[in-house]
Structure formats: structure tokens, C-alpha cells
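Heads up, structure_27.txt below (compact mmCIF, C-alpha atoms):
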```
# COMPACT_ATOMS: atom_id res chain seq x y z
CA MET A 12 6.47 14.98 -18.20
CA VAL A 13 7.54 14.02 -14.68
CA LEU A 14 5.12 12.65 -12.11
CA HIS A 15 5.98 14.15 -8.71
CA ALA A 16 4.45 12.24 -5.78
CA VAL A 17 4.45 12.89 -2.05
CA VAL A 18 2.99 9.85 -0.27
CA VAL A 19 2.19 9.94 3.46
CA GLY A 20 1.12 7.06 5.72
CA VAL A 21 0.72 7.15 9.50
CA ASP A 22 -0.04 4.12 11.65
CA ARG A 23 1.88 5.23 14.76
CA TYR A 24 1.18 8.46 16.60
CA ARG A 25 3.46 10.22 19.04
CA ASP A 26 0.57 11.30 21.27
CA PRO A 27 -0.71 8.17 23.10
CA ARG A 28 -4.22 9.65 23.22
CA ILE A 29 -4.48 9.27 19.44
CA ALA A 30 -5.26 5.65 18.54
CA ASP A 31 -2.82 3.98 16.19
CA LEU A 32 -4.04 2.65 12.86
CA SER A 33 -3.39 -0.74 11.29
CA TRP A 34 -3.04 -0.37 7.54
CA ALA A 35 -2.22 3.28 6.72
CA ARG A 36 1.52 2.68 6.45
CA ARG A 37 0.98 -0.33 4.19
CA ASP A 38 -1.42 1.75 2.08
CA ALA A 39 1.19 4.44 1.55
CA GLU A 40 3.93 1.93 0.76
CA ALA A 41 1.71 0.29 -1.86
CA VAL A 42 0.81 3.63 -3.48
CA ALA A 43 4.51 4.57 -3.62
CA GLU A 44 5.30 1.20 -5.24
CA LEU A 45 2.59 1.91 -7.82
CA VAL A 46 4.13 5.26 -8.72
CA GLU A 47 7.62 3.74 -8.84
CA GLN A 48 6.55 1.60 -11.79
CA VAL A 49 6.93 4.75 -13.89
CA HIS A 50 10.37 5.01 -15.49
CA PRO A 51 12.88 6.56 -13.04
CA SER A 52 13.46 9.53 -15.34
CA GLN A 53 9.73 10.28 -15.33
CA ARG A 54 8.93 10.19 -11.61
CA ARG A 55 10.04 11.66 -8.30
CA VAL A 56 8.60 9.94 -5.23
CA THR A 57 8.89 11.01 -1.59
CA LEU A 58 7.52 8.52 0.95
CA LEU A 59 6.88 9.75 4.51
CA LEU A 60 5.94 7.04 7.01
CA ASP A 61 5.11 7.24 10.73
CA GLU A 62 7.91 9.23 12.48
CA GLU A 63 8.92 10.85 9.18
CA ALA A 64 5.35 12.05 8.53
CA THR A 65 5.54 15.20 10.64
CA ARG A 66 3.79 18.46 9.93
CA ARG A 67 7.11 20.13 9.15
CA ASN A 68 8.27 17.42 6.76
CA VAL A 69 4.96 17.43 4.87
CA GLN A 70 5.08 21.22 4.48
CA VAL A 71 8.71 21.14 3.35
CA GLU A 72 8.10 18.42 0.76
CA ILE A 73 4.95 19.98 -0.70
CA GLY A 74 5.38 23.69 -0.12
CA GLU A 75 9.14 23.95 -0.75
CA ARG A 76 10.57 21.00 -2.68
CA LEU A 77 7.63 20.46 -5.03
CA ALA A 78 7.11 24.19 -5.40
CA GLY A 79 10.72 24.53 -6.53
CA GLU A 80 11.04 21.43 -8.72
CA ALA A 81 7.72 20.76 -10.50
CA THR A 82 7.37 22.52 -13.86
CA GLU A 83 4.50 23.35 -16.17
CA ASP A 84 5.08 20.08 -18.02
CA ASP A 85 4.67 17.95 -14.87
CA VAL A 86 1.88 16.42 -12.78
CA VAL A 87 1.74 16.29 -8.97
CA LEU A 88 0.14 13.47 -6.97
CA LEU A 89 -0.35 13.82 -3.19
CA TYR A 90 -1.57 10.89 -1.08
CA PHE A 91 -2.43 10.72 2.63
CA ALA A 92 -3.44 7.66 4.67
CA CYS A 93 -3.93 8.73 8.28
CA HIS A 94 -6.50 9.92 10.77
CA GLY A 95 -8.60 12.95 9.99
CA SER A 96 -10.19 15.07 12.67
CA PRO A 97 -12.85 17.78 12.77
CA GLU A 98 -12.06 20.57 15.23
CA THR A 99 -13.33 24.03 16.08
CA SER A 100 -11.69 26.97 14.34
CA PRO A 101 -11.00 30.50 15.59
CA GLY A 102 -14.05 31.85 13.73
CA PRO A 103 -17.47 31.79 15.38
CA ASN A 104 -19.35 28.51 15.12
CA GLU A 105 -17.01 27.02 12.52
CA VAL A 106 -15.53 23.54 12.22
CA ASP A 107 -12.50 22.71 10.07
CA ARG A 108 -10.98 19.39 9.00
CA TYR A 109 -7.43 18.41 9.83
CA LEU A 110 -5.13 15.71 8.56
CA VAL A 111 -3.59 14.14 11.67
CA LEU A 112 0.14 13.63 11.23
CA HIS A 113 2.60 11.71 13.41
CA ASP A 114 3.32 14.68 15.67
CA THR A 115 -0.22 16.06 15.89
CA GLU A 116 -1.27 16.61 19.51
CA TYR A 117 -4.72 15.49 20.64
CA ASP A 118 -5.28 18.63 22.72
CA HIS A 119 -4.01 20.96 20.00
CA VAL A 120 -5.28 19.65 16.66
CA TYR A 121 -5.75 23.21 15.36
CA ALA A 122 -2.10 24.08 15.98
CA THR A 123 -0.45 20.77 15.11
CA GLY A 124 -2.62 19.16 12.43
CA LEU A 125 -2.77 20.14 8.74
CA SER A 126 -5.91 22.11 7.94
CA MET A 127 -7.82 21.05 4.83
CA GLU A 128 -9.55 24.42 4.70
CA ARG A 129 -6.63 26.79 5.25
CA GLU A 130 -3.24 25.17 4.74
CA LEU A 131 -3.76 22.72 1.87
CA PRO A 132 -5.10 25.42 -0.51
CA TRP A 133 -2.12 27.59 0.51
CA LEU A 134 0.29 24.74 -0.24
CA PHE A 135 -1.43 24.23 -3.60
CA GLU A 136 -0.92 27.90 -4.42
CA ARG A 137 2.82 27.51 -3.90
CA ILE A 138 2.97 24.80 -6.60
CA THR A 139 2.69 27.28 -9.46
CA GLY A 140 4.11 25.28 -12.36
CA PRO A 141 2.08 22.10 -12.94
CA PRO A 142 -1.43 22.52 -14.39
CA LEU A 143 -2.66 19.48 -12.43
CA VAL A 144 -2.30 18.58 -8.74
CA VAL A 145 -4.28 15.55 -7.55
CA LEU A 146 -4.83 14.91 -3.83
CA LEU A 147 -5.97 11.46 -2.64
CA VAL A 148 -7.07 11.18 1.01
CA ASP A 149 -7.78 7.89 2.79
CA ALA A 150 -9.04 9.49 6.01
CA CYS A 151 -12.36 10.79 7.27
CA PHE A 152 -13.56 13.78 9.26
CA SER A 153 -16.80 12.77 10.96
CA GLY A 154 -15.21 12.23 14.37
CA ARG A 155 -17.12 8.97 14.68
CA ALA A 156 -15.54 5.83 16.09
CA GLY A 157 -14.57 2.89 13.94
CA GLY A 158 -12.50 4.46 11.19
CA ARG A 159 -9.67 6.84 10.37
CA THR A 160 -10.97 9.74 12.44
CA PHE A 161 -11.47 11.05 15.95
CA GLU A 162 -13.20 14.01 17.57
CA GLY A 163 -10.90 16.62 19.11
CA PRO A 164 -11.59 17.82 22.67
CA ARG A 165 -12.54 21.38 21.67
CA LEU A 166 -15.17 20.15 19.26
CA ARG A 167 -16.45 17.58 21.74
CA ALA A 168 -16.96 20.32 24.32
CA ALA A 169 -18.60 22.60 21.76
CA ARG A 170 -20.99 19.88 20.63
CA ALA A 171 -21.87 19.05 24.23
CA SER A 172 -22.84 22.69 24.81
CA ASP A 173 -24.55 22.98 21.40
CA ARG A 174 -22.07 25.61 20.22
CA ALA A 175 -20.53 23.67 17.35
CA GLY A 176 -21.07 24.91 13.83
CA GLY A 177 -21.00 23.04 10.55
CA MET A 178 -18.52 22.33 7.77
CA VAL A 179 -18.58 23.09 4.10
CA SER A 180 -18.84 19.77 2.23
CA LEU A 181 -15.55 18.22 1.09
CA SER A 182 -16.88 18.45 -2.44
CA GLU A 183 -17.23 22.24 -2.06
CA LEU A 184 -13.79 23.16 -0.71
CA GLU A 185 -12.04 25.87 -2.75
CA LEU A 186 -8.89 24.22 -4.08
CA GLY A 187 -8.05 26.40 -7.06
CA GLU A 188 -7.85 25.83 -10.80
CA GLY A 189 -6.42 22.46 -11.82
CA ARG A 190 -6.43 21.15 -8.24
CA LEU A 191 -8.51 18.02 -7.63
CA MET A 192 -9.18 15.99 -4.51
CA VAL A 193 -10.61 12.50 -4.11
CA GLY A 194 -11.55 11.59 -0.56
CA ALA A 195 -12.34 8.17 0.88
CA CYS A 196 -15.83 9.21 1.98
CA ASP A 197 -18.13 12.13 2.72
CA ASP A 198 -18.12 14.08 5.97
CA ASP A 199 -20.74 12.03 7.80
CA GLN A 200 -19.18 8.66 6.89
CA VAL A 201 -16.27 6.58 8.14
CA ALA A 202 -13.16 5.63 6.13
CA ARG A 203 -12.82 1.96 6.94
CA GLU A 204 -9.76 -0.22 7.35
CA SER A 205 -10.08 -3.91 6.54
CA GLY A 206 -7.95 -6.70 7.95
CA GLU A 207 -9.39 -8.98 5.28
CA LEU A 208 -8.17 -6.64 2.54
CA GLY A 209 -5.00 -5.62 4.36
CA HIS A 210 -5.63 -1.99 3.44
CA GLY A 211 -8.02 0.86 3.86
CA VAL A 212 -11.05 0.01 1.74
CA PHE A 213 -10.64 3.12 -0.43
CA THR A 214 -6.95 2.46 -1.06
CA HIS A 215 -7.55 -1.22 -1.80
CA TYR A 216 -9.75 -0.33 -4.75
CA LEU A 217 -7.52 2.57 -5.75
CA LEU A 218 -4.64 0.08 -6.04
CA LYS A 219 -6.76 -2.19 -8.23
CA GLY A 220 -7.16 0.78 -10.55
CA PRO A 221 -9.45 1.40 -13.49
CA SER A 222 -10.49 -1.34 -15.85
CA ALA A 223 -8.23 -0.15 -18.70
CA ALA A 224 -6.05 2.71 -19.83
CA ASP A 225 -7.41 5.58 -21.86
CA GLU A 226 -5.90 6.90 -25.06
CA GLY A 227 -2.24 7.85 -24.69
CA PHE A 228 -1.74 5.40 -21.79
CA THR A 229 -3.27 7.82 -19.32
CA VAL A 230 -6.41 7.77 -17.17
CA GLY A 231 -8.85 10.57 -16.49
CA VAL A 232 -9.08 11.46 -12.80
CA HIS A 233 -12.88 11.57 -12.97
CA ARG A 234 -13.04 8.14 -14.59
CA LEU A 235 -10.67 6.75 -11.95
CA TYR A 236 -12.87 8.25 -9.25
CA GLU A 237 -16.08 6.82 -10.71
CA GLU A 238 -14.74 3.26 -10.85
CA VAL A 239 -13.14 3.37 -7.40
CA ALA A 240 -16.20 5.03 -5.82
CA ALA A 241 -18.53 2.40 -7.28
CA ALA A 242 -16.36 -0.45 -5.96
CA VAL A 243 -16.03 1.09 -2.46
CA ALA A 244 -19.77 1.75 -2.24
CA GLU A 245 -20.57 -1.83 -3.28
CA HIS A 246 -18.05 -3.31 -0.82
CA THR A 247 -19.45 -1.31 2.10
CA GLY A 248 -23.13 -1.56 1.21
CA GLY A 249 -23.26 2.18 0.56
CA ARG A 250 -21.91 3.11 4.01
CA GLN A 251 -18.73 4.57 2.51
CA VAL A 252 -18.91 6.51 -0.73
CA PRO A 253 -15.83 8.44 -1.93
CA VAL A 254 -16.18 12.08 -2.99
CA ILE A 255 -14.44 14.23 -5.60
CA ASN A 256 -13.83 17.94 -5.73
CA GLY A 257 -12.51 20.09 -8.56
CA ARG A 258 -12.27 20.13 -12.32
CA SER A 259 -9.49 20.61 -14.83
CA ALA A 260 -9.28 20.57 -18.59
CA ARG A 261 -6.14 18.42 -18.25
CA ALA A 262 -7.25 16.09 -15.44
CA ARG A 263 -5.26 13.07 -16.57
CA LEU A 264 -2.73 10.91 -14.74
CA PRO A 265 -0.23 8.44 -16.17
CA TYR A 266 -1.75 4.96 -16.23
CA LEU A 267 0.03 3.30 -13.30
CA TRP A 268 -1.69 -0.09 -13.19
```

Show me this structure written as C-alpha cells.
Amino acid sequence: MVLHAVVVGVDRYRDPRIADLSWARRDAEAVAELVEQVHPSQRRVTLLLDEEATRRNVQVEIGERLAGEATEDDVVLLYFACHGSPETSPGPNEVDRYLVLHDTEYDHVYATGLSMERELPWLFERITGPPLVVLLVDACFSGRAGGRTFEGPRLRAARASDRAGGMVSLSELELGEGRLMVGACDDDQVARESGELGHGVFTHYLLKGPSAADEGFTVGVHRLYEEVAAAVAEHTGGRQVPVINGRSARARLPYLW
């Protein structure tokens, strides 16, 4: 088995209207270091930071390289630390979520961000070999100030005129069989960064990992989620509670900690 990882962290944004972050790059570097503890013959890690973390590069790494290299004996881990943004979609009264990459434009989030609803499931479909793809997202999509999110101008205008629709919960997104996602928080919450921790709160506890390995020196994704979610919720007084979406009969990762 080979663990294929694409790890993305964006602190610096090309568009000056998108506020820079403080700890997303460090989060991604630490996650990549965690994966690199696996024997070199058993892991393939791509780290995309700041200027490298463009929409094109992310799509190439996930939708082309991984799709061509990962086999049915492998596991795929995707990690994003960046802004998330809700924005109106072409459909009537609909709002989608977007991962905000280095080259995302504030005025054109729909065209330049990476849609959680439309593009990520499509990228997952291209990875046909591995039975398990795990997506970890340290971002949020509420549009509220104070975390890893912002509200795009189209949605702001729609909300001001009471024309904005709603979003399907992160825990209800259709990801496909064997595709799991763990997000830093639910849609109405904020993914916090902490100078005291030197990381996003979600990633800090993800890096601490579960209390012990399971049988076969692996860890169940749902067990990992439960322990991280409990720690994040306790640290934030219940203001940030991670969410999970998806199930798989083989939802196990190598024990990295």
C-alpha cells in the first residue's frame, strides 16, 4: 500500500482584497511532515504552498497525477488549510462553498475558487483506483469574520436583497463511495486560527492524533474524527465542532503519529 497525499496551505493571496492568513502554511507543512514519517517507498507527498497553491496546480495534482498513479491497493489523503467562501451559484437561490486558493479572485469566487459541491466530487470520480480517499479541510464557509472564511460580493448583495438561498450541510454532500471528508467546523461556525497554538485549532489537534493505534498499526477515520472533534469542541467551548461526511467499509489510514 502507498499513501498518496496532496497537502495545500495558503497564507498569502494574490488578490489584495482577500485577507492573508497566519498559520495555514505552517499547518500544511506540519501535515506533510507527518505523512513523510511513512517509509519513502510507501508514500508520495505533494506539498503546495502559497504561490504554488493555484487552482490549476491543485486540479493537476488531484485530477491528473493522482488519477494516473494511485492504484486499488493505495490510500489517498487530501488536506487543505486556506480560506473558504460561500458564494451564489448559477442556479436559482443556491449557495455553494468554495476553497479559496492563492489565485482566487474576490470578485469571481465562482470562476476562480474550487467548488466543494461541483468540482471536488468530480475530482474524486477521476481517482478510480483507491477504495479510500480522505479529505481534511481546515477552512470554513459561513462568511463570518474572525476565521478562515469571507463572504463573496455576489452573496453579500444577494443577502442584502433577501435573495440568497441556503446550502446543503457539509455532512450531507454527495462525495461517492469510499470518499470521506472531515471539516474543521459546521457551516454556521468559524474555523479558528490560534497564535497560542501556532496552528489552526482543528489542525493542532489533528497533529496530536488519536490516543493510540488500532490493530495493524492503522487508525479508523471515524475514530480519528471523534477524538479530534472532542478536543476542538472542548478547546473552543463548543463554538467550533468539526464535522464528518461519508462512510467506507475500509475507512482506515496508516497510523502516522

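Here CA of Val145 (chain A) stands at a distance of 6.0 Å from CA of Arg190 (chain A).
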
Protein, DNA and RNA residues within 12 Å of (-9.7, 1.2, -3.9), only C-alpha atoms, as a PyMOL selection string: chain A and resi 38+41-42+147-149+193-196+202-205+208-221+235-247+251-253

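Between CA of Gly187 (chain A) and CA of Val46 (chain A) there is a distance of 24.5 Å.
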
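For the choices A:Gly74, A:Leu186, A:Pro142, A:Asp114, the atom-to-atom distance to Arg129 (chain A) is smallest for A:Leu186 when using all atoms listed in the file.
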
Gap from CA of Tyr24 (chain A) to CA of His113 (chain A) - Å, one decimal: 4.8 Å

Taking only residues of region 138-230 of chain A that have an atom at most 8 Å from an atom of region 77-94 of chain A, what is each one's shortest atom pair and its distance in Å to one decimal, using all atoms listed in the file, in chain and number order, as a tab-separated table?
```
residue	atom	partner	partner_atom	distance
A:Ile138	CA	A:Ala78	CA	4.4
A:Thr139	CA	A:Ala78	CA	6.8
A:Gly140	CA	A:Glu83	CA	4.3
A:Pro141	CA	A:Glu83	CA	4.2
A:Pro142	CA	A:Glu83	CA	6.2
A:Leu143	CA	A:Val86	CA	5.5
A:Val144	CA	A:Val87	CA	4.6
A:Val145	CA	A:Leu88	CA	4.9
A:Leu146	CA	A:Leu89	CA	4.7
A:Leu147	CA	A:Tyr90	CA	4.7
A:Val148	CA	A:Phe91	CA	4.9
A:Asp149	CA	A:Ala92	CA	4.7
A:Ala150	CA	A:His94	CA	5.4
A:Cys151	CA	A:His94	CA	6.9
A:Arg159	CA	A:His94	CA	4.4
A:Thr160	CA	A:His94	CA	4.8
A:Phe161	CA	A:His94	CA	7.3
```

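Shortest atom-to-atom contact with Glu188 (chain A) among A:Trp34, A:Trp268, A:Phe135, A:Phe152: A:Phe135, counting all atoms listed in the file.
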
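Minimum atom-to-atom distance to Ile73 (chain A), evaluated using all atoms listed in the file, belongs to A:Pro132 out of A:Pro132, A:Gly206, A:Gly163, A:Gly249.
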